[in-house]
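This report concerns only the one structure given below.
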Amino acid sequence: MNTFAVRRHFVVILALGALAITAPSSANTEFSTCLMSLQAQARSAGINESILRDVVPSLQQQERVISLDRKQPEFLQTFSEYLDLRVTPERVERGRALLEKYRSFLLDLQEQYGVPPQYLVSFWGLETNYGSYLGRMPTLDSLATLACDQRRSDFFSGEFIAALQLMQRESLESADMQGSWAGAVGHTQFMPSSYLRYAVDGDGDGQIDLWRSERDALASGANYLKALGWQSGLRWGREVQLPDNFPFQFAGQRDQRRPLHEWAAHGVRLNDGGKLPNTNIDAALLVPAGHRGPAFLIYDNFDIIMRWNRSELYAIAVGHLADRIAGAGALRNGTNVQEPLRKTDIELVQETLNAIGYDAGPVDGVLGSATRSALREFQLANNMVADGYPNPSTLEAIATHDRR
């Protein structure tokens, strides 16, 4: 190697070394600057100077939180996989035992808030497996990390301030505040702003502690659901039977509600084959696993569950687990076990549908409402069962269209 090449090689090594040294320093500087901004916001919100001085400057950026926030699964869970992982025989059995243990207390909550006991136990089971895992991430560090990230900075800045207010109100130590990577805490996994606004003292000890008091957590869940608009006396929904000639273009859209008598006119019946209730209730029909899987009529309380967690599968799991805890059996139609849908497959479906004139939304590999609506339109146009589900025959028809 000649002298010039040696010098150039040496300079490159120095440059790379400098980058390796300065990059983390730059990131740390940005986080420190952000913490100063959060500290100023907290001061304006009335947080004690002792917390601002002793807690905020010591917070650390959590790279794992950013990684989890960005994480995209390689495979999408089918309805079967999702439900089978969450509504297990063990969880049903444990839920029934806890329902019996807290029956008197839960009935008092029902009288006060209008939420039946089995739903409160179901939320508890799905959120933390009845308190067996509350999360181990440091809440303030996680929220500060997300607040200093540009993707959802405003939202998490507000949650960070709320967490400090919570710490101050309940005389908590920062080490006491642990939860999910996104900052949700306690048996019912409340975000700090929800904790401040909706959590209540269920055990009468003068303090609200969703980490250590199961009664506080259950009462807070009831208060939260009532505030969200829970309708007393109305169930979440129910599994139903569909006739062989059912027009599936009417299914799969939560905003397409019809009175029960109209669903009955289309041949929809109760799970046991009986007639639908003759009541003045509107419902939508969901077929989360396509026309070969279970079908559900959903009512207004289904939307309330989705205000807790914006996932249709989560809401079905809450409702079904609540039914099982109350004594109901497994789904009549099973969960239609299918091969997992790969993210890349859904992306190709979205890309192709968009290219041929069906608005499937962004190409993100997520089987959301826009993609299912586009699938339904494609199926109708091609004389297929219009259930909005990417079953093998629909995927093949889309792939064939893509090769034209």
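By order of appearance in the structure tokens: chains A, B, ..., then residues from 1 within every chain, and ligands from 1 in the order shown.
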Original post:
What lies within 10 Å of Leu146 (chain A) using only C-alpha atoms, ignoring chain neighbours under 5 positions off, as an MDAnalysis selection string?
Top reply: chainID A and resid 61:63 65:66 69 140:141 151:157 159:160 181:183
Subject >> Residue set, region 201-290 of chain A restricted to strand (DSSP E or B), as a list in words >> reply: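 Reading the DSSP output for region 201-290 of chain A, strand (DSSP E or B) covers Gly237, Arg238, Glu239, Val240, Gln241, Arg258, Pro259, Arg269, Leu270, Asp282, Ala283, Ala284, Leu285 and Leu286 of chain A.
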Can you write out as a Markdown table which residues of region 72-159 of chain A fall within 10 Å of region 229-244 of chain A, alongside each residue's closest atom pair and its distance in Å to one decimal, counting only C-alpha atoms and ordering rows by chain and ascending residue number?
```
| residue | atom | partner | partner_atom | distance |
| --- | --- | --- | --- | --- |
| A:Gln110 | CA | A:Ser232 | CA | 8.7 |
| A:Glu111 | CA | A:Ser232 | CA | 9.6 |
| A:Tyr113 | CA | A:Ser232 | CA | 8.2 |
| A:Gly114 | CA | A:Ser232 | CA | 4.8 |
| A:Val115 | CA | A:Ser232 | CA | 6.3 |
| A:Pro116 | CA | A:Ser232 | CA | 8.1 |
| A:Tyr119 | CA | A:Trp236 | CA | 9.3 |
```
For Ile161 (chain A), find every residue with an atom within 6 Å (counting only C-alpha atoms), except residues of its own chain fewer than 3 positions away, and show them as a compact mmCIF listing (two decimals) with C-alpha atoms, in the first residue's frame.
```
# COMPACT_ATOMS: atom_id res chain seq x y z
CA ALA A 42 -44.14 20.09 33.93
CA GLY A 158 -49.17 14.88 27.66
CA LEU A 164 -45.78 13.22 37.02
```
Subject >> For Val121 (chain A), the nearest of the candidates A:Val268, A:Ala360, A:Ile325, A:Leu285, counting only C-alpha atoms >> reply: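 Going through A:Val268, A:Ala360, A:Ile325, A:Leu285 one by one, the smallest distance to Val121 (chain A) is for A:Ile325.
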Original post:
Got a sec: who's within 7 Å of Ala315 (chain A), counting only C-alpha atoms, leaving out chain neighbours fewer than 4 positions off, as a list in words?
Top reply: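 Everything that qualifies: Phe302, Ile305, Met306, Ser311 and Gly319 of chain A.
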Subject >> Using only C-alpha atoms: which of A:Ala289, A:Leu120, A:Ala284, A:Leu126 has the shortest distance to Thr88 (chain A) >> reply: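 So, comparing all the options, the nearest one is A:Leu126.
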Subject >> Separation of CA of Ile316 (chain A) from CA of Glu90 (chain A), in Å and rounded to one decimal >> reply: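 Computing the Euclidean distance for CA of Ile316 (chain A) and CA of Glu90 (chain A) yields 18.2 Å.
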Subject >> Atomic separation - CA of Ala227 (chain A) relative to CA of Arg310 (chain A), Å >> reply: 16.7 Å
**OP:** From a DSSP pass on the backbone, collect the residues of region 201-333 of chain A flagged as alpha helix (DSSP H) and hand them back as a PyMOL selection string.
**Re:** chain A and resi 214-228+260-265+300-308+312-325
**OP:** Between A:Tyr130, A:Ala251, A:Pro362, A:Ala399, single out the one closest to Ser213 (chain A), counting only C-alpha atoms.
**Re:**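 Ranked by minimum distance to Ser213 (chain A), first place goes to A:Tyr130.
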Subject >> Residue contacts of Gln256 (chain A) (10 Å, only C-alpha atoms) excluding same-chain residues fewer than 2 positions away, as a list in words >> reply: Phe250, Ala251, Gly252, Gln253, Arg254, Arg258, Asp282, Ala283, Ala284 and Leu285 of chain A
Filtering to N, CA and C atoms, could you give me those residues as an mmCIF file, in the first residue's frame?
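As a result, part19.cif now contains:
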```
data_model
loop_
_atom_site.group_PDB
_atom_site.id
_atom_site.type_symbol
_atom_site.label_atom_id
_atom_site.label_comp_id
_atom_site.auth_asym_id
_atom_site.auth_seq_id
_atom_site.Cartn_x
_atom_site.Cartn_y
_atom_site.Cartn_z
ATOM 1 N N PHE A 250 -73.278 -7.293 3.214
ATOM 2 C CA PHE A 250 -73.845 -6.521 4.318
ATOM 3 C C PHE A 250 -73.036 -6.697 5.608
ATOM 4 N N ALA A 251 -72.055 -7.579 5.584
ATOM 5 C CA ALA A 251 -71.308 -7.902 6.801
ATOM 6 C C ALA A 251 -69.955 -7.202 6.817
ATOM 7 N N GLY A 252 -69.349 -7.181 8.000
ATOM 8 C CA GLY A 252 -67.981 -6.714 8.130
ATOM 9 C C GLY A 252 -67.804 -5.221 8.236
ATOM 10 N N GLN A 253 -68.878 -4.467 8.407
ATOM 11 C CA GLN A 253 -68.769 -3.007 8.483
ATOM 12 C C GLN A 253 -69.502 -2.519 9.724
ATOM 13 N N ARG A 254 -68.757 -2.038 10.693
ATOM 14 C CA ARG A 254 -69.360 -1.650 11.966
ATOM 15 C C ARG A 254 -70.319 -0.474 11.833
ATOM 16 N N ARG A 258 -78.191 -2.331 11.275
ATOM 17 C CA ARG A 258 -79.575 -2.568 10.890
ATOM 18 C C ARG A 258 -80.354 -3.065 12.093
ATOM 19 N N ASP A 282 -80.336 -1.851 17.152
ATOM 20 C CA ASP A 282 -79.566 -1.919 15.911
ATOM 21 C C ASP A 282 -78.281 -2.695 16.148
ATOM 22 N N ALA A 283 -77.836 -3.399 15.134
ATOM 23 C CA ALA A 283 -76.618 -4.198 15.252
ATOM 24 C C ALA A 283 -75.893 -4.229 13.917
ATOM 25 N N ALA A 284 -74.598 -4.430 13.989
ATOM 26 C CA ALA A 284 -73.787 -4.687 12.795
ATOM 27 C C ALA A 284 -73.344 -6.146 12.845
ATOM 28 N N LEU A 285 -72.937 -6.670 11.701
ATOM 29 C CA LEU A 285 -72.524 -8.069 11.613
ATOM 30 C C LEU A 285 -71.055 -8.140 11.221
#
```
Give me, as an mmCIF file with N, CA, C and O atoms, in the first residue's frame, all polymer residues having an atom no more than 12 Å from Gln112 (chain A), counting only C-alpha atoms and skipping those fewer than 6 positions away in the same chain.
```cif
data_model
loop_
_atom_site.group_PDB
_atom_site.id
_atom_site.type_symbol
_atom_site.label_atom_id
_atom_site.label_comp_id
_atom_site.auth_asym_id
_atom_site.auth_seq_id
_atom_site.Cartn_x
_atom_site.Cartn_y
_atom_site.Cartn_z
ATOM 1 N N PHE A 105 -68.603 -7.704 45.783
ATOM 2 C CA PHE A 105 -68.026 -6.409 45.411
ATOM 3 C C PHE A 105 -68.371 -6.034 43.974
ATOM 4 O O PHE A 105 -68.752 -4.892 43.685
ATOM 5 N N LEU A 106 -68.290 -6.983 43.069
ATOM 6 C CA LEU A 106 -68.580 -6.729 41.655
ATOM 7 C C LEU A 106 -70.061 -6.397 41.442
ATOM 8 O O LEU A 106 -70.393 -5.562 40.593
ATOM 9 N N GLY A 202 -61.411 1.974 45.268
ATOM 10 C CA GLY A 202 -62.369 0.890 45.399
ATOM 11 C C GLY A 202 -62.318 0.162 46.729
ATOM 12 O O GLY A 202 -63.287 -0.485 47.115
ATOM 13 N N ALA A 219 -62.900 -1.294 40.314
ATOM 14 C CA ALA A 219 -63.794 -0.140 40.419
ATOM 15 C C ALA A 219 -63.442 0.917 39.385
ATOM 16 O O ALA A 219 -64.328 1.548 38.796
ATOM 17 N N SER A 220 -62.158 1.102 39.140
ATOM 18 C CA SER A 220 -61.724 2.086 38.151
ATOM 19 C C SER A 220 -62.139 1.667 36.751
ATOM 20 O O SER A 220 -62.553 2.499 35.935
ATOM 21 N N ALA A 222 -64.766 -0.082 36.018
ATOM 22 C CA ALA A 222 -66.210 0.155 35.931
ATOM 23 C C ALA A 222 -66.508 1.639 35.704
ATOM 24 O O ALA A 222 -67.359 1.994 34.880
ATOM 25 N N ASN A 223 -65.809 2.493 36.444
ATOM 26 C CA ASN A 223 -66.010 3.936 36.291
ATOM 27 C C ASN A 223 -65.615 4.407 34.895
ATOM 28 O O ASN A 223 -66.300 5.246 34.284
ATOM 29 N N LEU A 225 -65.573 2.596 32.060
ATOM 30 C CA LEU A 225 -66.540 2.121 31.067
ATOM 31 C C LEU A 225 -67.836 2.934 31.123
ATOM 32 O O LEU A 225 -68.422 3.255 30.086
ATOM 33 N N LYS A 226 -68.277 3.278 32.323
ATOM 34 C CA LYS A 226 -69.471 4.113 32.433
ATOM 35 C C LYS A 226 -69.238 5.471 31.784
ATOM 36 O O LYS A 226 -70.093 5.988 31.056
ATOM 37 N N SER A 232 -76.098 0.068 30.299
ATOM 38 C CA SER A 232 -76.517 -0.960 31.240
ATOM 39 C C SER A 232 -77.655 -1.791 30.646
ATOM 40 O O SER A 232 -78.573 -1.262 30.029
#
```
**OP:** Point out the residue among A:Met384, A:Val185, A:Val92, A:Leu341 with the least atom-to-atom distance to Met137 (chain A), counting only C-alpha atoms.
**Re:** A:Val185
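Among the candidates A:Gly186, A:Pro117, A:Pro390, A:Gly179, the residue lying nearest to Gly131 (chain A) is A:Gly186 (atoms considered: only C-alpha atoms).
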Original post:
Hey, which of A:Gly46, A:Gly125, A:Gly274, A:Pro247 ends up closest to Asn383 (chain A)? Count only C-alpha atoms.
Top reply: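 Using only C-alpha atoms, the shortest distance to Asn383 (chain A) belongs to A:Pro247.
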**OP:** May I ask for the distance between CA of Thr188 (chain A) and CA of Ala326 (chain A), given in Å to one decimal place?
**Re:** 19.6 Å
